[in-house]
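> Contents are mmCIF, C-alpha atoms (C1' of nucleotides); file name model_19.cif:
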```cif
data_protein
#
loop_
_atom_site.label_atom_id
_atom_site.label_comp_id
_atom_site.auth_asym_id
_atom_site.auth_seq_id
_atom_site.Cartn_x
_atom_site.Cartn_y
_atom_site.Cartn_z
CA MET A 1 -40.40 -50.09 -71.57
CA GLN A 2 -38.41 -52.82 -69.94
CA ALA A 3 -36.00 -52.36 -67.10
CA LEU A 4 -32.86 -50.68 -68.39
CA PRO A 5 -29.98 -51.64 -66.17
CA LEU A 6 -26.83 -49.73 -66.87
CA LEU A 7 -24.94 -51.71 -64.34
CA SER A 8 -26.56 -55.08 -64.76
CA PRO A 9 -24.90 -57.02 -67.53
CA ILE A 10 -27.56 -57.13 -70.23
CA CYS A 11 -24.66 -57.20 -72.63
CA CYS A 12 -21.67 -57.23 -73.85
CA GLY A 13 -19.11 -59.10 -75.74
CA PRO A 14 -16.53 -57.05 -77.59
CA SER A 15 -18.62 -57.35 -80.76
CA THR A 16 -22.01 -56.96 -79.15
CA PRO A 17 -23.93 -53.98 -80.52
CA PRO A 18 -24.28 -51.16 -77.99
CA LEU A 19 -27.40 -50.46 -76.01
CA ASP A 20 -30.28 -49.95 -78.41
CA ALA A 21 -30.07 -46.40 -79.69
CA GLY A 22 -33.67 -45.66 -78.84
CA GLU A 23 -33.28 -46.82 -75.26
CA ALA A 24 -30.06 -44.90 -74.86
CA SER A 25 -31.74 -41.76 -76.12
CA ALA A 26 -34.77 -42.21 -73.89
CA LEU A 27 -32.56 -42.66 -70.87
CA ALA A 28 -30.34 -39.74 -71.79
CA ALA A 29 -33.42 -37.55 -72.18
CA LYS A 30 -34.45 -38.22 -68.59
CA PHE A 31 -30.97 -37.57 -67.26
CA LYS A 32 -30.91 -34.40 -69.32
CA ALA A 33 -34.01 -33.24 -67.49
CA LEU A 34 -31.98 -33.41 -64.27
CA ALA A 35 -28.89 -31.85 -65.81
CA ASP A 36 -29.55 -28.31 -64.66
CA PRO A 37 -29.12 -26.83 -61.17
CA ALA A 38 -32.51 -25.13 -61.26
CA ARG A 39 -34.26 -28.37 -62.12
CA VAL A 40 -32.36 -30.24 -59.44
CA ALA A 41 -33.51 -27.63 -56.96
CA ILE A 42 -37.09 -27.93 -58.18
CA VAL A 43 -37.11 -31.71 -57.82
CA ASN A 44 -35.59 -31.32 -54.40
CA ARG A 45 -38.40 -29.04 -53.30
CA LEU A 46 -41.05 -31.27 -54.81
CA SER A 47 -39.57 -34.19 -52.93
CA ALA A 48 -40.42 -32.52 -49.65
CA ALA A 49 -44.15 -32.13 -50.21
CA ASP A 50 -47.03 -33.84 -51.94
CA GLU A 51 -47.35 -30.89 -54.26
CA VAL A 52 -45.93 -27.42 -54.58
CA CYS A 53 -47.49 -24.29 -56.02
CA VAL A 54 -45.59 -22.67 -58.89
CA CYS A 55 -45.80 -19.41 -56.99
CA ASP A 56 -43.66 -20.94 -54.21
CA LEU A 57 -41.07 -22.09 -56.73
CA ASN A 58 -40.99 -18.64 -58.28
CA ALA A 59 -40.38 -17.16 -54.86
CA ALA A 60 -37.69 -19.65 -53.91
CA LEU A 61 -35.65 -19.97 -57.07
CA ASP A 62 -34.28 -16.49 -57.80
CA LEU A 63 -35.14 -16.86 -61.47
CA ALA A 64 -37.62 -15.02 -63.65
CA GLN A 65 -41.07 -16.55 -63.79
CA PRO A 66 -40.84 -17.58 -67.46
CA THR A 67 -37.58 -19.34 -66.73
CA VAL A 68 -39.14 -21.37 -63.94
CA SER A 69 -42.04 -22.17 -66.23
CA HIS A 70 -39.57 -23.37 -68.85
CA HIS A 71 -37.82 -25.70 -66.42
CA LEU A 72 -41.13 -27.11 -65.22
CA ARG A 73 -42.03 -27.82 -68.81
CA VAL A 74 -38.77 -29.69 -69.36
CA LEU A 75 -39.37 -31.81 -66.28
CA ARG A 76 -42.99 -32.40 -67.29
CA GLU A 77 -42.12 -33.49 -70.82
CA ALA A 78 -39.54 -35.86 -69.42
CA GLY A 79 -42.26 -37.46 -67.31
CA LEU A 80 -40.52 -36.70 -64.03
CA VAL A 81 -43.24 -34.38 -62.72
CA GLU A 82 -46.90 -33.78 -63.38
CA SER A 83 -49.14 -30.80 -62.80
CA SER A 84 -52.71 -29.87 -62.14
CA ARG A 85 -54.53 -26.58 -61.82
CA ARG A 86 -56.92 -25.57 -59.09
CA GLY A 87 -58.36 -22.19 -59.78
CA THR A 88 -55.62 -19.75 -60.60
CA TRP A 89 -52.82 -21.86 -59.23
CA ALA A 90 -50.79 -24.63 -60.76
CA PHE A 91 -49.44 -27.39 -58.55
CA TYR A 92 -46.58 -29.69 -59.43
CA ARG A 93 -45.70 -33.04 -57.93
CA LEU A 94 -43.12 -35.72 -58.57
CA VAL A 95 -43.83 -38.90 -60.50
CA PRO A 96 -42.12 -41.30 -58.08
CA GLU A 97 -42.19 -44.22 -60.49
CA ALA A 98 -40.21 -42.24 -63.05
CA LEU A 99 -37.50 -41.38 -60.55
CA GLU A 100 -37.53 -44.91 -59.25
CA GLN A 101 -37.04 -46.28 -62.74
CA LEU A 102 -34.15 -43.92 -63.29
CA ARG A 103 -32.73 -45.06 -60.00
CA GLY A 104 -33.01 -48.69 -61.03
CA THR A 105 -31.06 -47.80 -64.12
CA LEU A 106 -28.09 -46.82 -62.02
CA GLY A 107 -27.63 -50.32 -60.70
CA GLY A 108 -28.52 -52.14 -57.56
CA MET B 1 -19.82 -34.01 -49.75
CA GLN B 2 -22.72 -35.20 -47.72
CA ALA B 3 -25.50 -37.41 -48.92
CA LEU B 4 -27.75 -35.42 -51.20
CA PRO B 5 -31.18 -36.93 -51.09
CA LEU B 6 -33.52 -35.47 -53.65
CA LEU B 7 -36.36 -37.53 -52.36
CA SER B 8 -35.55 -37.57 -48.68
CA PRO B 9 -36.98 -34.53 -46.96
CA ILE B 10 -33.90 -32.57 -45.95
CA CYS B 11 -36.06 -29.52 -46.37
CA CYS B 12 -38.57 -27.59 -47.03
CA GLY B 13 -41.05 -25.18 -45.69
CA PRO B 14 -42.57 -22.83 -48.23
CA SER B 15 -40.03 -20.20 -47.25
CA THR B 16 -37.05 -22.52 -46.87
CA PRO B 17 -34.17 -21.59 -49.17
CA PRO B 18 -33.70 -24.07 -52.00
CA LEU B 19 -31.03 -26.71 -52.09
CA ASP B 20 -27.64 -25.08 -51.74
CA ALA B 21 -26.67 -23.73 -55.14
CA GLY B 22 -23.29 -25.41 -55.05
CA GLU B 23 -24.75 -28.80 -54.29
CA ALA B 24 -27.42 -28.38 -56.93
CA SER B 25 -24.75 -27.52 -59.48
CA ALA B 26 -22.55 -30.42 -58.50
CA LEU B 27 -25.42 -32.83 -58.80
CA ALA B 28 -26.57 -31.36 -62.09
CA ALA B 29 -23.05 -31.70 -63.45
CA LYS B 30 -23.06 -35.44 -62.82
CA PHE B 31 -26.48 -35.89 -64.35
CA LYS B 32 -25.29 -33.85 -67.31
CA ALA B 33 -22.52 -36.35 -67.84
CA LEU B 34 -25.22 -38.98 -68.38
CA ALA B 35 -27.39 -36.70 -70.48
CA ASP B 36 -26.21 -37.94 -73.85
CA PRO B 37 -27.07 -41.17 -75.65
CA ALA B 38 -23.45 -41.89 -76.53
CA ARG B 39 -22.37 -41.55 -72.91
CA VAL B 40 -25.24 -43.72 -71.71
CA ALA B 41 -24.12 -46.34 -74.19
CA ILE B 42 -20.53 -46.05 -72.99
CA VAL B 43 -21.49 -46.48 -69.35
CA ASN B 44 -23.64 -49.40 -70.32
CA ARG B 45 -20.71 -51.13 -72.00
CA LEU B 46 -18.38 -50.36 -69.13
CA SER B 47 -20.92 -51.88 -66.76
CA ALA B 48 -20.48 -55.22 -68.44
CA ALA B 49 -16.75 -55.59 -67.94
CA ASP B 50 -14.02 -54.65 -65.51
CA GLU B 51 -12.46 -52.45 -68.12
CA VAL B 52 -12.91 -51.71 -71.79
CA CYS B 53 -10.38 -50.63 -74.37
CA VAL B 54 -11.10 -47.36 -76.15
CA CYS B 55 -10.59 -49.19 -79.41
CA ASP B 56 -13.61 -51.37 -78.61
CA LEU B 57 -15.74 -48.32 -77.89
CA ASN B 58 -14.65 -46.72 -81.14
CA ALA B 59 -15.69 -49.84 -82.98
CA ALA B 60 -19.02 -50.17 -81.22
CA LEU B 61 -20.28 -46.61 -81.14
CA ASP B 62 -20.60 -45.50 -84.76
CA LEU B 63 -19.02 -42.17 -83.94
CA ALA B 64 -15.75 -40.62 -85.02
CA GLN B 65 -12.83 -41.36 -82.77
CA PRO B 66 -12.41 -37.75 -81.52
CA THR B 67 -16.08 -37.72 -80.58
CA VAL B 68 -15.72 -40.84 -78.47
CA SER B 69 -12.63 -39.35 -76.88
CA HIS B 70 -14.63 -36.23 -76.06
CA HIS B 71 -17.38 -38.21 -74.38
CA LEU B 72 -14.88 -40.21 -72.36
CA ARG B 73 -13.34 -36.96 -71.21
CA VAL B 74 -16.73 -35.68 -70.05
CA LEU B 75 -17.39 -38.85 -68.10
CA ARG B 76 -13.89 -38.77 -66.64
CA GLU B 77 -14.13 -35.16 -65.50
CA ALA B 78 -17.47 -35.93 -63.88
CA GLY B 79 -15.77 -38.66 -61.90
CA LEU B 80 -17.99 -41.40 -63.27
CA VAL B 81 -15.19 -43.29 -65.01
CA GLU B 82 -11.44 -43.55 -64.74
CA SER B 83 -8.76 -44.61 -67.17
CA SER B 84 -5.32 -46.11 -67.33
CA ARG B 85 -2.89 -46.79 -70.14
CA ARG B 86 -1.04 -49.99 -70.82
CA GLY B 87 1.28 -49.60 -73.72
CA THR B 88 -0.54 -48.12 -76.67
CA TRP B 89 -4.00 -48.81 -75.32
CA ALA B 90 -6.20 -46.88 -72.96
CA PHE B 91 -8.67 -48.73 -70.75
CA TYR B 92 -11.68 -47.22 -69.08
CA ARG B 93 -13.67 -48.50 -66.14
CA LEU B 94 -16.60 -47.30 -64.06
CA VAL B 95 -16.24 -45.68 -60.66
CA PRO B 96 -18.99 -47.64 -58.90
CA GLU B 97 -19.08 -45.36 -55.86
CA ALA B 98 -19.86 -42.36 -58.04
CA LEU B 99 -22.79 -44.09 -59.68
CA GLU B 100 -23.92 -45.42 -56.34
CA GLN B 101 -23.90 -41.94 -54.87
CA LEU B 102 -25.92 -40.64 -57.77
CA ARG B 103 -28.30 -43.52 -57.25
CA GLY B 104 -28.68 -42.63 -53.60
CA THR B 105 -29.58 -39.14 -54.66
CA LEU B 106 -32.63 -40.44 -56.46
CA GLY B 107 -34.22 -41.68 -53.26
CA GLY B 108 -34.62 -45.07 -51.79
"C1'" DT C 1 15.13 -44.36 -88.57
"C1'" DC C 2 10.63 -44.70 -90.70
"C1'" DC C 3 6.09 -46.22 -90.60
"C1'" DT C 4 1.86 -47.66 -88.31
"C1'" DT C 5 -1.43 -47.79 -84.61
"C1'" DT C 6 -3.77 -45.78 -80.72
"C1'" DC C 7 -5.58 -42.05 -78.44
"C1'" DA C 8 -5.85 -37.04 -77.04
"C1'" DT C 9 -6.22 -32.25 -78.31
"C1'" DC C 10 -7.31 -28.36 -81.37
"C1'" DG C 11 -10.35 -25.52 -84.22
"C1'" DA C 12 -14.50 -24.83 -86.66
"C1'" DT C 13 -19.39 -25.28 -87.25
"C1'" DG C 14 -24.25 -26.14 -86.69
"C1'" DG C 15 -27.68 -26.94 -83.45
"C1'" DA C 16 -29.47 -27.08 -78.76
"C1'" DT C 17 -30.36 -24.64 -74.41
"C1'" DG C 18 -30.88 -21.14 -70.45
"C1'" DT C 19 -32.43 -16.70 -69.70
"C1'" DC C 20 -35.67 -12.91 -69.69
"C1'" DG C 21 -39.01 -9.15 -71.33
"C1'" DA C 22 -43.31 -8.92 -73.58
"C1'" DT C 23 -47.56 -10.88 -74.38
"C1'" DG C 24 -51.48 -14.03 -74.01
"C1'" DA C 25 -54.89 -17.02 -71.49
"C1'" DT C 26 -57.55 -18.04 -67.55
"C1'" DG C 27 -59.66 -17.45 -63.19
"C1'" DA C 28 -60.87 -14.57 -59.13
"C1'" DT C 29 -62.63 -10.21 -57.38
"C1'" DA C 30 -64.72 -5.78 -57.09
"C1'" DT D 1 -67.30 -5.12 -67.09
"C1'" DA D 2 -62.84 -3.79 -65.59
"C1'" DT D 3 -58.94 -5.06 -62.97
"C1'" DC D 4 -55.64 -7.95 -60.85
"C1'" DA D 5 -53.01 -12.26 -60.04
"C1'" DT D 6 -51.12 -16.55 -61.78
"C1'" DC D 7 -48.94 -19.06 -65.14
"C1'" DA D 8 -47.80 -20.44 -70.07
"C1'" DT D 9 -46.07 -19.16 -74.51
"C1'" DC D 10 -43.41 -16.33 -77.74
"C1'" DG D 11 -39.29 -14.12 -79.58
"C1'" DA D 12 -34.67 -12.76 -79.11
"C1'" DC D 13 -30.13 -13.34 -77.57
"C1'" DA D 14 -25.94 -15.29 -75.71
"C1'" DT D 15 -23.82 -19.31 -74.43
"C1'" DC D 16 -23.02 -24.14 -74.38
"C1'" DC D 17 -22.33 -28.56 -76.68
"C1'" DA D 18 -21.95 -32.58 -80.01
"C1'" DT D 19 -19.60 -33.59 -83.97
"C1'" DC D 20 -15.76 -34.19 -87.05
"C1'" DG D 21 -11.35 -33.34 -89.83
"C1'" DA D 22 -6.72 -32.20 -88.94
"C1'" DT D 23 -2.95 -32.53 -86.07
"C1'" DG D 24 -0.03 -33.98 -82.19
"C1'" DA D 25 2.01 -37.36 -78.77
"C1'" DA D 26 3.54 -41.80 -77.53
"C1'" DA D 27 4.49 -46.57 -78.20
"C1'" DG D 28 5.61 -50.66 -81.04
"C1'" DG D 29 7.41 -52.98 -85.16
"C1'" DA D 30 10.10 -53.42 -89.49
#
```
Can I see the file as structure tokens?

Amino acid sequence: MQALPLLSPICCGPSTPPLDAGEASALAAKFKALADPARVAIVNRLSAADEVCVCDLNAALDLAQPTVSHHLRVLREAGLVESSRRGTWAFYRLVPEALEQLRGTLGG
Amino acid sequence: MQALPLLSPICCGPSTPPLDAGEASALAAKFKALADPARVAIVNRLSAADEVCVCDLNAALDLAQPTVSHHLRVLREAGLVESSRRGTWAFYRLVPEALEQLRGTLGG
DNA sequence: TCCTTTCATCGATGGATGTCGATGATGATA
DNA sequence: TATCATCATCGACATCCATCGATGAAAGGA
């Protein structure tokens, strides 16, 4: 996928078609992954360490374990985080490039 | 509101409380405003001009007029855009500081 | 005054989403 | 093997949200 500047003028005259629907949807999907307080909190915690055990998130988030698992899934499917298992534990970490791309989208 | 780095380590030990719930909600609310393809497309169009007439958005977006009005309201209440009326027409423009703050939130 | 245009609001509806208890899958341990 | 801990999935439920037709408000023109 190419760079997707929202603020850089890749368009528009008054009759120019809007941002390609597929690109708009893809971008919206990533923003949607950040559109929940619990997921913002998760990303915030992940940003402070290389990886974080799900058990720590469960302890920190004041939400039921299935709920945390659901939010992690949303973030994972959006490509913002990735996970790996070591033994019984699952560890999650950010995908910095994904956040950086989203950041680039916001201008600059 | 202070800077809200998601990627900058303002926290966390394993037992550190998560990002303040209020701040997480406020941030999530702004991301939620961008979590829809139509609103991404609107912001994209606004980013290409100082201001855009609602009539142009109606023409460009392939959505019913009340739907566009709804999305503009969401963006307005999130503080990402602002509007003014001149005669019969309403013009919308971005609030660059709001987008810039959101951008700062994503790291960098 | 009457009509048209522009835009916002209202009300209804179908679909998406957050939440959690129950259950399942997998690995560690005794 | 039996048990326990960790985490994902399932199913149900309540709430939120995108969408649109109908209507209202405000301004301009005939």
> Near segment 86-96 of chain A, counting all atoms listed in the file, which residues have an atom at most 12 Å away, once you skip same-chain residues fewer than 4 positions from it, shown as a PyMOL selection string?
(chain A and resi 42-58+69+71-73+75-82+100-103) or (chain B and resi 6-7+106-108) or (chain C and resi 25-28) or (chain D and resi 4-8)
> So how far away is atom C1' of DA2 of chain D from atom C1' of DT23 of chain C, in Å?
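Atom C1' of DA2 of chain D lies 19.0 Å from atom C1' of DT23 of chain C.
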> With only C-alpha atoms (C1' of nucleotides) as the counted atoms, please give the residues lying no more than 12 Å from DC16 of chain D, apart from itself and same-chain residues fewer than 5 positions off, as a VMD selection string.
chain C and resid 15 to 18
> Hey, could you make a per-residue contact list for chain D against chain B with 10 Å as the cut-off, showing the nearest pair of atoms and its distance in Å to one decimal, counting all atoms listed in the file, sorted by chain and number, as a tab-separated table?

```
residue	atom	partner	partner_atom	distance
D:DA18	C1'	B:Thr67	CA	7.8
D:DT19	C1'	B:Thr67	CA	6.4
D:DC20	C1'	B:Ala64	CA	6.7
D:DG21	C1'	B:Pro66	CA	9.5
D:DA26	C1'	B:Thr88	CA	7.6
D:DA27	C1'	B:Thr88	CA	5.5
D:DG28	C1'	B:Thr88	CA	8.0
```
> Would you mind listing, for every residue of chain C within 9 Å of chain B, the two atoms forming the shortest contact and the distance between them in Å to one decimal, using only C-alpha atoms (C1' of nucleotides), sorted by chain and ascending residue number, as a Markdown table?

```
| residue | atom | partner | partner_atom | distance |
| --- | --- | --- | --- | --- |
| C:DT5 | C1' | B:Thr88 | CA | 8.0 |
| C:DT6 | C1' | B:Thr88 | CA | 5.7 |
| C:DC7 | C1' | B:Ala90 | CA | 7.3 |
| C:DA8 | C1' | B:Ser69 | CA | 7.2 |
| C:DT9 | C1' | B:Pro66 | CA | 8.9 |
```
> Box in all listed atoms of segment 74-91 of chain B, axis-aligned, with 8 Å more on each side; write out centre and edge lengths in Å to one decimal as lines of an AutoDock Vina configuration file.

```
center_x = -8.4
center_y = -42.6
center_z = -69.3
size_x = 35.3
size_y = 30.8
size_z = 30.8
```
> Record the distance separating atom CA of Leu99 of chain A and atom CA of Lys30 of chain A, expressed in Å with one decimal.
9.2 Å
> Counting all atoms listed in the file, which of B:Glu97, B:Lys32, B:Ala38, B:Thr105 gets nearest to chain A?
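The answer is B:Lys32, which sits nearest to chain A.
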> Just checking: using all atoms listed in the file, which residue out of D:DC17, D:DC10, D:DG29, D:DT3 ends up closest to DC20 of chain C?
D:DC10
> Here is a test: counting all atoms listed in the file, which residue of A:Val74, A:Ala59, A:Ala28, A:Ala33 is nearest to chain B?
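The shortest atom-to-atom distance to chain B comes from A:Ala28.
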> Take atom CA of Ser25 of chain B and atom C1' of DC10 of chain C and report the distance between them in Å, one decimal.
28.0 Å
> To test your reading of the syntax: which residues would the PyMOL selection byres ((chain C and resi 1) around 12) return for the file shown? Reply as a ChimeraX atom specification.
/C:2-3 /D:30
> Of the residues B:Ala24, B:Ser83, B:Phe31, B:Leu19, which is the one nearest to Ala98 of chain B, using all atoms listed in the file?
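Closest to Ala98 of chain B, using all atoms listed in the file: B:Phe31.
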